[in-house]
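Asks: Below is the structure I would like to discuss, written out as structure tokens.
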Amino acid sequence: MKYANVDFDTYFRNYPDANGYFGKYGGSFIPPELQAAMDEITEAYMTICKSSKFINELRRIRKEFQGRPTPVSHLERLSASLGNVQLYAKREDLNHTGAHKLNHCMGEALLAKYMGKKKVIAETGAGQHGVALATAAAYFGLDCDIYMGAVDIKKQAPNVARMKILGARVVEVTDGLQTLKEAVDAAFAAYSREYKEAIYCIGSVVGPHPFPMMVRDFQSVVGIEARSQYLEMTGELPDAVVACVGGGSNAMGMFAGFLNDPVDIYGIEPLGRGPALGDHAASLSYGSEGIMHGFNSIMLKDENGDPAPVYSVASGLDYPSSGPEHAFLHDIGRVKYDVVSDEETIDAFFKLSRLEGIIPAIESAHAVAFAMKLAQQMKRGAILINLSGRGDKDMDYVIEKYGIPD
Ligand SMILES: *Cc1c(COP(=O)(O)O)cnc(C)c1O
């Protein structure tokens with residue numbers, strides 16, 4: 001299938017190019033000492049990802065440890081409450097650890113093992129990536145250093161406890177605002193000191209090449225599974241596919257299965273409290289081209305051109321940019337990006353819980369909220385939602401902030 005001169009039959013062979021570009025987005029904008037380490041990872045990944053031994057080991061792990069394939073569920077009662085359109089969910093909430101993040105963490109940690117590394121390093125904000133990586137490190141017997149801002153450590157006590165139980169070292173970062181940005185800087189500084197022994201594991205389809213490509217490849221299992229499961233269940237393809245977009249890994253994984261199909265694809269960003277800068281984290285919808293964290297993409301900037309402060313009710317979507325492949329798919333129009341507010345998200349959170357018995361992550365509830373609106377516009381057809389994670393982590397917060405509706 002061709003779309004705006006991009007041939008999707010050969011898309012994965014050509015995007016990204018050898019330098020990590022999706023059109024003008026992507027690349028690698030990092031200090032030379034880190035570039036040598038990135039080149040080593042690229043070289044290793046490009047070789048190892050073609051090895052049948054690696055592929056088969058990852059397949060076995062996904063089945064025996066992660067519990068894949070995760071099912072696709074028909075959301076019958078939610079659909080009936082909206083009209084005639086049928087909603088389906090790919091259940092990444094049932095992946096081990098309760099979200100899609102383990103898909104790329106197991107891949108990255110397995111790569112570390114093949115490269116002979118002893119340690120994995122990462123930063124974490126809300127702690128979800130840290131927990132997934134600590135899980136992978138425990139499985140493979142790797143040391144694991146997770147850099148986390150002091151403010152986040154206080155806010156995310158349960159995830160800090162999980163990481164420690166899993167044997168990771170949580171390194172407190174006390175510079176600046178003591179949140180995610182400082183944690184990224186500290187983790188990169190540690191990596192440039194330790195790269196002979198360690199590998200950096202990025203938590204989404206962001207950062208310098210090869211991470212946007214590698215994380216997409218590891219997450220594509222979601223879309224590939226969902227496409228064949230949906231075909232088996234219904235004998236056809238869905239009319240639309242929907243996923244929430246923070247950095248964009250669960251969305252890219254899902255979309256990878258459907259880019260070459262006549263299916264409408266929607267990436268949903270958090271509108272938060274509204275469209276004013278600082279009240280949302282909808283970078284593709286409201287941002288412009290810029291470089292941060294080592295890659296060129298579309299980002300939200302302040303008056304100095306630096307990453308702007310962002311807000312979302314979902315801590316996993318609270319990021320001032322998105323992966324370069326999303327910026328590319330946005331510009332060519334293959335994926336449509338849209339927004340839902342906090343309020344619509346919380347409504348969807350309770351609807352899915354009460355009509356289907358599935359408590360979604362607040363991140364995933366953004367995708368559900370948009371699918372509910374789309375279902376009412378479409379009148380007929382079917383929508384497949386990527387339910388990126390479960391909502392246990394969000395329950396206390398939702399009840400405290402919004403109360404329990406009647
Ligand atoms: C981290 C997270 C996200 C956002 O990350 P992406 O890279 O955009 O997928 C979405 N859903 C859940 C459940 C998460 O934990």
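We label chains A, B, ... in the order they appear in the structure tokens, count residues from 1 in each chain, and number ligands from 1 in the order shown.
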Please identify all protein, DNA and RNA residues within 7 Å of ligand 1, counting only C-alpha atoms and all ligand atoms, and report them as a list in words.

Replies: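 The residues near ligand 1 are Ala99, His100, Lys101, Gln128, His129, Gly203, Ser204, Val205, Cys244, Val245, Gly246, Gly247, Gly248, Ser249, Asn250, Ala251, Gly316, Leu317, Ala361, Glu363, Ser364, Ser388, Gly389 and Arg390 of chain A.
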
Asks: Only N, CA and C atoms, please: the residues just picked out, written as a tab-separated table (two decimals), in the first residue's frame.

Replies:
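And here's out_34.tsv as it stands now:
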chain	number	residue	atom	x	y	z
A	99	ALA	N	1.66	-4.35	31.94
A	99	ALA	CA	1.69	-3.36	30.86
A	99	ALA	C	2.61	-3.84	29.74
A	100	HIS	N	2.57	-3.08	28.64
A	100	HIS	CA	3.35	-3.45	27.46
A	100	HIS	C	4.85	-3.25	27.65
A	101	LYS	N	5.27	-2.46	28.64
A	101	LYS	CA	6.68	-2.06	28.73
A	101	LYS	C	7.64	-3.25	28.82
A	128	GLN	N	7.35	3.13	36.12
A	128	GLN	CA	6.86	1.97	35.36
A	128	GLN	C	7.98	1.32	34.54
A	129	HIS	N	8.77	2.17	33.87
A	129	HIS	CA	9.88	1.62	33.08
A	129	HIS	C	10.91	0.99	34.01
A	203	GLY	N	13.07	3.70	27.61
A	203	GLY	CA	11.75	3.17	27.95
A	203	GLY	C	10.65	3.42	26.94
A	204	SER	N	10.98	4.00	25.78
A	204	SER	CA	9.95	4.20	24.76
A	204	SER	C	10.62	4.33	23.40
A	205	VAL	N	9.84	4.68	22.36
A	205	VAL	CA	10.41	4.82	21.01
A	205	VAL	C	11.02	6.20	20.84
A	244	CYS	N	-2.98	5.03	22.87
A	244	CYS	CA	-2.52	6.27	23.49
A	244	CYS	C	-1.04	6.49	23.18
A	245	VAL	N	-0.63	7.76	23.14
A	245	VAL	CA	0.75	8.10	22.80
A	245	VAL	C	1.37	8.97	23.88
A	246	GLY	N	2.38	8.42	24.57
A	246	GLY	CA	3.22	9.23	25.45
A	246	GLY	C	4.51	9.43	24.67
A	247	GLY	N	5.53	8.60	24.98
A	247	GLY	CA	6.69	8.52	24.08
A	247	GLY	C	6.29	7.84	22.79
A	248	GLY	N	5.36	6.88	22.91
A	248	GLY	CA	4.79	6.27	21.72
A	248	GLY	C	5.09	4.80	21.50
A	249	SER	N	5.56	4.06	22.53
A	249	SER	CA	5.96	2.67	22.27
A	249	SER	C	4.78	1.72	22.12
A	250	ASN	N	3.76	1.84	22.99
A	250	ASN	CA	2.64	0.89	22.83
A	250	ASN	C	1.93	1.18	21.52
A	251	ALA	N	1.83	2.46	21.16
A	251	ALA	CA	1.17	2.82	19.90
A	251	ALA	C	1.96	2.31	18.70
A	316	GLY	N	2.38	8.39	32.76
A	316	GLY	CA	3.09	7.76	31.63
A	316	GLY	C	2.96	8.51	30.32
A	317	LEU	N	2.08	9.51	30.25
A	317	LEU	CA	1.91	10.29	29.01
A	317	LEU	C	2.49	11.69	29.15
A	361	ALA	N	-5.23	1.14	32.96
A	361	ALA	CA	-4.30	2.21	33.33
A	361	ALA	C	-4.89	3.53	32.84
A	363	GLU	N	-3.39	5.85	31.42
A	363	GLU	CA	-2.84	6.06	30.07
A	363	GLU	C	-3.75	5.40	29.03
A	364	SER	N	-4.01	4.12	29.24
A	364	SER	CA	-4.83	3.35	28.29
A	364	SER	C	-6.25	3.90	28.21
A	388	SER	N	-3.01	-0.65	26.89
A	388	SER	CA	-1.57	-0.79	27.16
A	388	SER	C	-1.25	-1.31	28.55
A	389	GLY	N	-2.14	-1.07	29.54
A	389	GLY	CA	-1.82	-1.57	30.88
A	389	GLY	C	-3.01	-1.58	31.82
A	390	ARG	N	-2.80	-2.19	32.98
A	390	ARG	CA	-3.88	-2.29	33.97
A	390	ARG	C	-3.79	-1.11	34.95

Asks: For Gln86 of chain A, list every protein, DNA or RNA residue within 8 Å, evaluated using only C-alpha atoms, and leave out those in the same chain fewer than 2 positions away; present the list as number ranges by chain.

Replies: A: 74-76, 79-80, 84, 88, 375, 380-383

Asks: Go ahead and write the residues just picked, N, CA, C and O atoms, as a PDB file, in the first residue's frame.

Replies:
ATOM      1  N   HIS A  74     -13.522  -8.918  23.046  1.00  0.00           N
ATOM      2  CA  HIS A  74     -14.636  -8.160  22.488  1.00  0.00           C
ATOM      3  C   HIS A  74     -15.327  -7.428  23.644  1.00  0.00           C
ATOM      4  O   HIS A  74     -15.778  -8.070  24.598  1.00  0.00           O
ATOM      5  N   LEU A  75     -15.403  -6.106  23.593  1.00  0.00           N
ATOM      6  CA  LEU A  75     -16.009  -5.317  24.677  1.00  0.00           C
ATOM      7  C   LEU A  75     -17.505  -5.159  24.379  1.00  0.00           C
ATOM      8  O   LEU A  75     -17.965  -4.111  23.922  1.00  0.00           O
ATOM      9  N   GLU A  76     -18.240  -6.225  24.653  1.00  0.00           N
ATOM     10  CA  GLU A  76     -19.631  -6.285  24.188  1.00  0.00           C
ATOM     11  C   GLU A  76     -20.543  -5.295  24.893  1.00  0.00           C
ATOM     12  O   GLU A  76     -21.363  -4.634  24.265  1.00  0.00           O
ATOM     13  N   SER A  79     -19.665  -1.664  23.997  1.00  0.00           N
ATOM     14  CA  SER A  79     -20.124  -1.396  22.622  1.00  0.00           C
ATOM     15  C   SER A  79     -21.627  -1.136  22.611  1.00  0.00           C
ATOM     16  O   SER A  79     -22.099  -0.157  22.029  1.00  0.00           O
ATOM     17  N   ALA A  80     -22.371  -2.029  23.275  1.00  0.00           N
ATOM     18  CA  ALA A  80     -23.842  -1.910  23.274  1.00  0.00           C
ATOM     19  C   ALA A  80     -24.278  -0.579  23.894  1.00  0.00           C
ATOM     20  O   ALA A  80     -25.296  -0.004  23.487  1.00  0.00           O
ATOM     21  N   ASN A  84     -23.949   0.856  17.581  1.00  0.00           N
ATOM     22  CA  ASN A  84     -23.737  -0.365  16.798  1.00  0.00           C
ATOM     23  C   ASN A  84     -22.282  -0.744  16.561  1.00  0.00           C
ATOM     24  O   ASN A  84     -21.988  -1.870  16.176  1.00  0.00           O
ATOM     25  N   TYR A  88     -13.103  -3.628  20.458  1.00  0.00           N
ATOM     26  CA  TYR A  88     -12.260  -4.752  20.875  1.00  0.00           C
ATOM     27  C   TYR A  88     -11.020  -4.192  21.571  1.00  0.00           C
ATOM     28  O   TYR A  88     -10.588  -3.077  21.264  1.00  0.00           O
ATOM     29  N   ALA A 375     -16.709   5.720  18.094  1.00  0.00           N
ATOM     30  CA  ALA A 375     -17.781   4.739  17.874  1.00  0.00           C
ATOM     31  C   ALA A 375     -19.104   5.455  17.629  1.00  0.00           C
ATOM     32  O   ALA A 375     -19.908   5.026  16.795  1.00  0.00           O
ATOM     33  N   ARG A 380     -21.266   2.532  12.238  1.00  0.00           N
ATOM     34  CA  ARG A 380     -21.087   1.085  12.104  1.00  0.00           C
ATOM     35  C   ARG A 380     -19.624   0.753  11.909  1.00  0.00           C
ATOM     36  O   ARG A 380     -18.823   1.621  11.582  1.00  0.00           O
ATOM     37  N   GLY A 381     -19.277  -0.527  12.145  1.00  0.00           N
ATOM     38  CA  GLY A 381     -17.892  -0.955  11.984  1.00  0.00           C
ATOM     39  C   GLY A 381     -17.297  -1.448  13.284  1.00  0.00           C
ATOM     40  O   GLY A 381     -18.029  -1.742  14.236  1.00  0.00           O
ATOM     41  N   ALA A 382     -15.968  -1.546  13.330  1.00  0.00           N
ATOM     42  CA  ALA A 382     -15.304  -2.084  14.517  1.00  0.00           C
ATOM     43  C   ALA A 382     -13.997  -1.338  14.783  1.00  0.00           C
ATOM     44  O   ALA A 382     -13.304  -0.922  13.860  1.00  0.00           O
ATOM     45  N   ILE A 383     -13.692  -1.176  16.075  1.00  0.00           N
ATOM     46  CA  ILE A 383     -12.500  -0.453  16.508  1.00  0.00           C
ATOM     47  C   ILE A 383     -11.697  -1.352  17.445  1.00  0.00           C
ATOM     48  O   ILE A 383     -12.255  -1.928  18.383  1.00  0.00           O
TER      49      ILE A 383
END

Asks: Per DSSP on the backbone, what are the helix (DSSP H, G or I) residues of segment 63-167 of chain A, as number ranges by chain?

Replies: A: 63-66, 76-82, 92-94, 96-98, 101-114, 128-140, 150-155, 157-165

Asks: Kindly indicate which residue among A:Leu387, A:Ile41, A:Ala371, A:Met252 lies nearest to Phe218 of chain A, using only C-alpha atoms for the distances.

Replies: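 Looking at the shortest contact to Phe218 of chain A, the residue is A:Met252.
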
Asks: Residues of segment 116-178 of chain A classed as strand (DSSP E) by DSSP on the backbone are to be reported as a list in words.

Replies: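 Checking each residue of segment 116-178 of chain A, the strand (DSSP E) ones are Lys119, Val120, Ile121, Ala122, Glu123, Asp143, Cys144, Asp145, Ile146, Tyr147, Met148, Gly149, Arg169, Val170, Val171, Glu172 and Val173 of chain A.
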
Asks: With only C-alpha atoms as the atoms that count, which of A:Ala132, A:Val368, A:Leu82, A:Leu110 lies nearest to Gly98 of chain A?

Replies: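 Comparing A:Ala132, A:Val368, A:Leu82, A:Leu110 against Gly98 of chain A, the winner is A:Ala132.
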
Asks: For segment 161-176 of chain A, work out the shell of residues within 7 Å, counting only C-alpha atoms and skipping chain neighbours fewer than 6 positions away, then give it as number ranges by chain.

Replies: A: 130-131, 134-135, 138, 143-150, 182-183

Asks: Filtering to N, CA and C atoms, could you give me those residues as a PDB file, in the first residue's frame?

Replies:
ATOM      1  N   GLY A 130      11.157   1.616  35.147  1.00  0.00           N
ATOM      2  CA  GLY A 130      12.118   1.069  36.099  1.00  0.00           C
ATOM      3  C   GLY A 130      11.704  -0.311  36.581  1.00  0.00           C
ATOM      4  N   VAL A 131      10.421  -0.488  36.870  1.00  0.00           N
ATOM      5  CA  VAL A 131       9.937  -1.782  37.351  1.00  0.00           C
ATOM      6  C   VAL A 131      10.058  -2.845  36.247  1.00  0.00           C
ATOM      7  N   ALA A 134      13.749  -3.645  35.859  1.00  0.00           N
ATOM      8  CA  ALA A 134      14.235  -4.407  37.020  1.00  0.00           C
ATOM      9  C   ALA A 134      13.766  -5.862  36.929  1.00  0.00           C
ATOM     10  N   THR A 135      12.561  -6.067  36.420  1.00  0.00           N
ATOM     11  CA  THR A 135      12.036  -7.423  36.221  1.00  0.00           C
ATOM     12  C   THR A 135      12.890  -8.188  35.207  1.00  0.00           C
ATOM     13  N   ALA A 138      16.324  -9.020  36.648  1.00  0.00           N
ATOM     14  CA  ALA A 138      16.261 -10.155  37.569  1.00  0.00           C
ATOM     15  C   ALA A 138      16.206 -11.463  36.784  1.00  0.00           C
ATOM     16  N   ASP A 143      22.936  -6.790  36.657  1.00  0.00           N
ATOM     17  CA  ASP A 143      22.804  -5.678  37.605  1.00  0.00           C
ATOM     18  C   ASP A 143      21.911  -4.624  36.971  1.00  0.00           C
ATOM     19  N   CYS A 144      21.241  -3.838  37.807  1.00  0.00           N
ATOM     20  CA  CYS A 144      20.286  -2.859  37.268  1.00  0.00           C
ATOM     21  C   CYS A 144      20.343  -1.587  38.105  1.00  0.00           C
ATOM     22  N   ASP A 145      20.749  -0.474  37.466  1.00  0.00           N
ATOM     23  CA  ASP A 145      20.765   0.834  38.137  1.00  0.00           C
ATOM     24  C   ASP A 145      19.666   1.712  37.551  1.00  0.00           C
ATOM     25  N   ILE A 146      18.734   2.129  38.372  1.00  0.00           N
ATOM     26  CA  ILE A 146      17.638   2.979  37.917  1.00  0.00           C
ATOM     27  C   ILE A 146      17.803   4.368  38.535  1.00  0.00           C
ATOM     28  N   TYR A 147      17.955   5.380  37.683  1.00  0.00           N
ATOM     29  CA  TYR A 147      18.108   6.760  38.150  1.00  0.00           C
ATOM     30  C   TYR A 147      16.737   7.412  38.244  1.00  0.00           C
ATOM     31  N   MET A 148      16.485   8.033  39.379  1.00  0.00           N
ATOM     32  CA  MET A 148      15.157   8.565  39.649  1.00  0.00           C
ATOM     33  C   MET A 148      15.290   9.851  40.470  1.00  0.00           C
ATOM     34  N   GLY A 149      14.539  10.891  40.085  1.00  0.00           N
ATOM     35  CA  GLY A 149      14.570  12.154  40.823  1.00  0.00           C
ATOM     36  C   GLY A 149      14.063  11.967  42.250  1.00  0.00           C
ATOM     37  N   ALA A 150      14.632  12.730  43.198  1.00  0.00           N
ATOM     38  CA  ALA A 150      14.259  12.587  44.606  1.00  0.00           C
ATOM     39  C   ALA A 150      12.769  12.859  44.816  1.00  0.00           C
ATOM     40  N   GLU A 182      16.229  15.530  35.114  1.00  0.00           N
ATOM     41  CA  GLU A 182      17.500  15.390  35.821  1.00  0.00           C
ATOM     42  C   GLU A 182      17.907  13.909  35.891  1.00  0.00           C
ATOM     43  N   ALA A 183      16.899  13.037  36.007  1.00  0.00           N
ATOM     44  CA  ALA A 183      17.193  11.603  36.044  1.00  0.00           C
ATOM     45  C   ALA A 183      17.778  11.140  34.708  1.00  0.00           C
TER      46      ALA A 183
END

Asks: Excluding Ala327 of chain A and its own-chain neighbours fewer than 6 positions away, which residues fall within 7 Å of it when counting only C-alpha atoms? Please give them as a list in words.

Replies: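 Residues near the query, excluding close chain neighbours: Tyr25, Leu284, Ser297 and Ile298 of chain A.
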
Asks: Excluding Gly267 of chain A and its own-chain neighbours fewer than 2 positions away, which residues fall within 8 Å of it when counting only C-alpha atoms? Please give them as a PyMOL selection string.

Replies: chain A and resi 242-245+251+265+269+335-338+367

Asks: List the spatial neighbours of Lys113 of chain A as an MDAnalysis selection string - criterion: any atom at most 10 Å away, only C-alpha atoms, same-chain residues fewer than 3 positions off excluded.

Replies: chainID A and resid 107:110 116:120 137 140:142 199

Asks: With N, CA, C and O atoms kept, could you save the residues just selected as a PDB file, in the first residue's frame?

Replies:
ATOM      1  N   GLY A 107      13.475  -7.549  25.534  1.00  0.00           N
ATOM      2  CA  GLY A 107      14.307  -7.505  24.324  1.00  0.00           C
ATOM      3  C   GLY A 107      15.633  -6.810  24.583  1.00  0.00           C
ATOM      4  O   GLY A 107      16.701  -7.307  24.209  1.00  0.00           O
ATOM      5  N   GLU A 108      15.565  -5.644  25.248  1.00  0.00           N
ATOM      6  CA  GLU A 108      16.789  -4.892  25.521  1.00  0.00           C
ATOM      7  C   GLU A 108      17.726  -5.669  26.453  1.00  0.00           C
ATOM      8  O   GLU A 108      18.941  -5.694  26.253  1.00  0.00           O
ATOM      9  N   ALA A 109      17.158  -6.311  27.469  1.00  0.00           N
ATOM     10  CA  ALA A 109      17.994  -7.058  28.419  1.00  0.00           C
ATOM     11  C   ALA A 109      18.586  -8.309  27.768  1.00  0.00           C
ATOM     12  O   ALA A 109      19.733  -8.682  28.044  1.00  0.00           O
ATOM     13  N   LEU A 110      17.815  -8.938  26.877  1.00  0.00           N
ATOM     14  CA  LEU A 110      18.365 -10.093  26.155  1.00  0.00           C
ATOM     15  C   LEU A 110      19.513  -9.648  25.248  1.00  0.00           C
ATOM     16  O   LEU A 110      20.549 -10.320  25.151  1.00  0.00           O
ATOM     17  N   GLY A 116      27.275  -9.392  26.062  1.00  0.00           N
ATOM     18  CA  GLY A 116      28.217  -9.643  27.144  1.00  0.00           C
ATOM     19  C   GLY A 116      28.236  -8.561  28.213  1.00  0.00           C
ATOM     20  O   GLY A 116      29.194  -8.454  28.977  1.00  0.00           O
ATOM     21  N   LYS A 117      27.184  -7.752  28.291  1.00  0.00           N
ATOM     22  CA  LYS A 117      27.125  -6.698  29.317  1.00  0.00           C
ATOM     23  C   LYS A 117      26.703  -7.297  30.659  1.00  0.00           C
ATOM     24  O   LYS A 117      25.979  -8.302  30.704  1.00  0.00           O
ATOM     25  N   LYS A 118      27.139  -6.606  31.722  1.00  0.00           N
ATOM     26  CA  LYS A 118      26.815  -7.108  33.072  1.00  0.00           C
ATOM     27  C   LYS A 118      25.692  -6.313  33.729  1.00  0.00           C
ATOM     28  O   LYS A 118      25.160  -6.693  34.758  1.00  0.00           O
ATOM     29  N   LYS A 119      25.395  -5.126  33.137  1.00  0.00           N
ATOM     30  CA  LYS A 119      24.485  -4.218  33.825  1.00  0.00           C
ATOM     31  C   LYS A 119      23.576  -3.490  32.840  1.00  0.00           C
ATOM     32  O   LYS A 119      23.987  -3.188  31.712  1.00  0.00           O
ATOM     33  N   VAL A 120      22.343  -3.213  33.271  1.00  0.00           N
ATOM     34  CA  VAL A 120      21.464  -2.323  32.504  1.00  0.00           C
ATOM     35  C   VAL A 120      21.240  -1.044  33.325  1.00  0.00           C
ATOM     36  O   VAL A 120      21.155  -1.095  34.556  1.00  0.00           O
ATOM     37  N   ALA A 137      15.963  -7.519  34.327  1.00  0.00           N
ATOM     38  CA  ALA A 137      17.320  -7.714  34.851  1.00  0.00           C
ATOM     39  C   ALA A 137      17.362  -8.898  35.809  1.00  0.00           C
ATOM     40  O   ALA A 137      18.297  -9.707  35.787  1.00  0.00           O
ATOM     41  N   PHE A 140      17.350 -12.162  33.823  1.00  0.00           N
ATOM     42  CA  PHE A 140      18.597 -12.501  33.136  1.00  0.00           C
ATOM     43  C   PHE A 140      19.824 -12.473  34.050  1.00  0.00           C
ATOM     44  O   PHE A 140      20.937 -12.740  33.598  1.00  0.00           O
ATOM     45  N   GLY A 141      19.645 -12.094  35.318  1.00  0.00           N
ATOM     46  CA  GLY A 141      20.794 -12.033  36.216  1.00  0.00           C
ATOM     47  C   GLY A 141      21.738 -10.882  35.910  1.00  0.00           C
ATOM     48  O   GLY A 141      22.957 -11.015  36.030  1.00  0.00           O
ATOM     49  N   LEU A 142      21.200  -9.736  35.505  1.00  0.00           N
ATOM     50  CA  LEU A 142      22.003  -8.543  35.231  1.00  0.00           C
ATOM     51  C   LEU A 142      21.868  -7.566  36.395  1.00  0.00           C
ATOM     52  O   LEU A 142      20.814  -7.496  37.030  1.00  0.00           O
ATOM     53  N   ILE A 199      24.668  -1.375  29.454  1.00  0.00           N
ATOM     54  CA  ILE A 199      23.905  -0.894  28.309  1.00  0.00           C
ATOM     55  C   ILE A 199      22.743  -0.051  28.835  1.00  0.00           C
ATOM     56  O   ILE A 199      22.174  -0.348  29.886  1.00  0.00           O
TER      57      ILE A 199
END

Asks: With only C-alpha atoms as the counted atoms, please give the residues lying no more than 12 Å from segment 274-278 of chain A, apart from itself and same-chain residues fewer than 4 positions off, as a PyMOL selection string.

Replies: chain A and resi 269-270+282-283+285-287+299-303+307-313+318-320+339-344

Asks: Between A:Asn103, A:Thr47, A:Ser28, A:Ser73, which one has atoms that come closest to Gln229 of chain A, using only C-alpha atoms?

Replies: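 For Gln229 of chain A, the nearest of the candidates is A:Ser73.
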
Asks: Which residue gives the smallest distance to Cys49 of chain A among A:Val184, A:Ile30, A:Leu111, A:Ala122, with only C-alpha atoms counted?

Replies: A:Leu111

Asks: Here is a test: counting only C-alpha atoms, which residue of A:Ile48, A:Pro69, A:Leu78, A:Glu33 is nearest to Leu94 of chain A?

Replies: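 Residue with the minimum atom-to-atom distance to Leu94 of chain A: A:Pro69.
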
Asks: Could you check which of A:Asn56, A:Ser321, A:Ser81, A:Asn304 is closest to Arg354 of chain A, using only C-alpha atoms?

Replies: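 Checking each of A:Asn56, A:Ser321, A:Ser81, A:Asn304 against Arg354 of chain A, counting only C-alpha atoms, the winner is A:Ser81.
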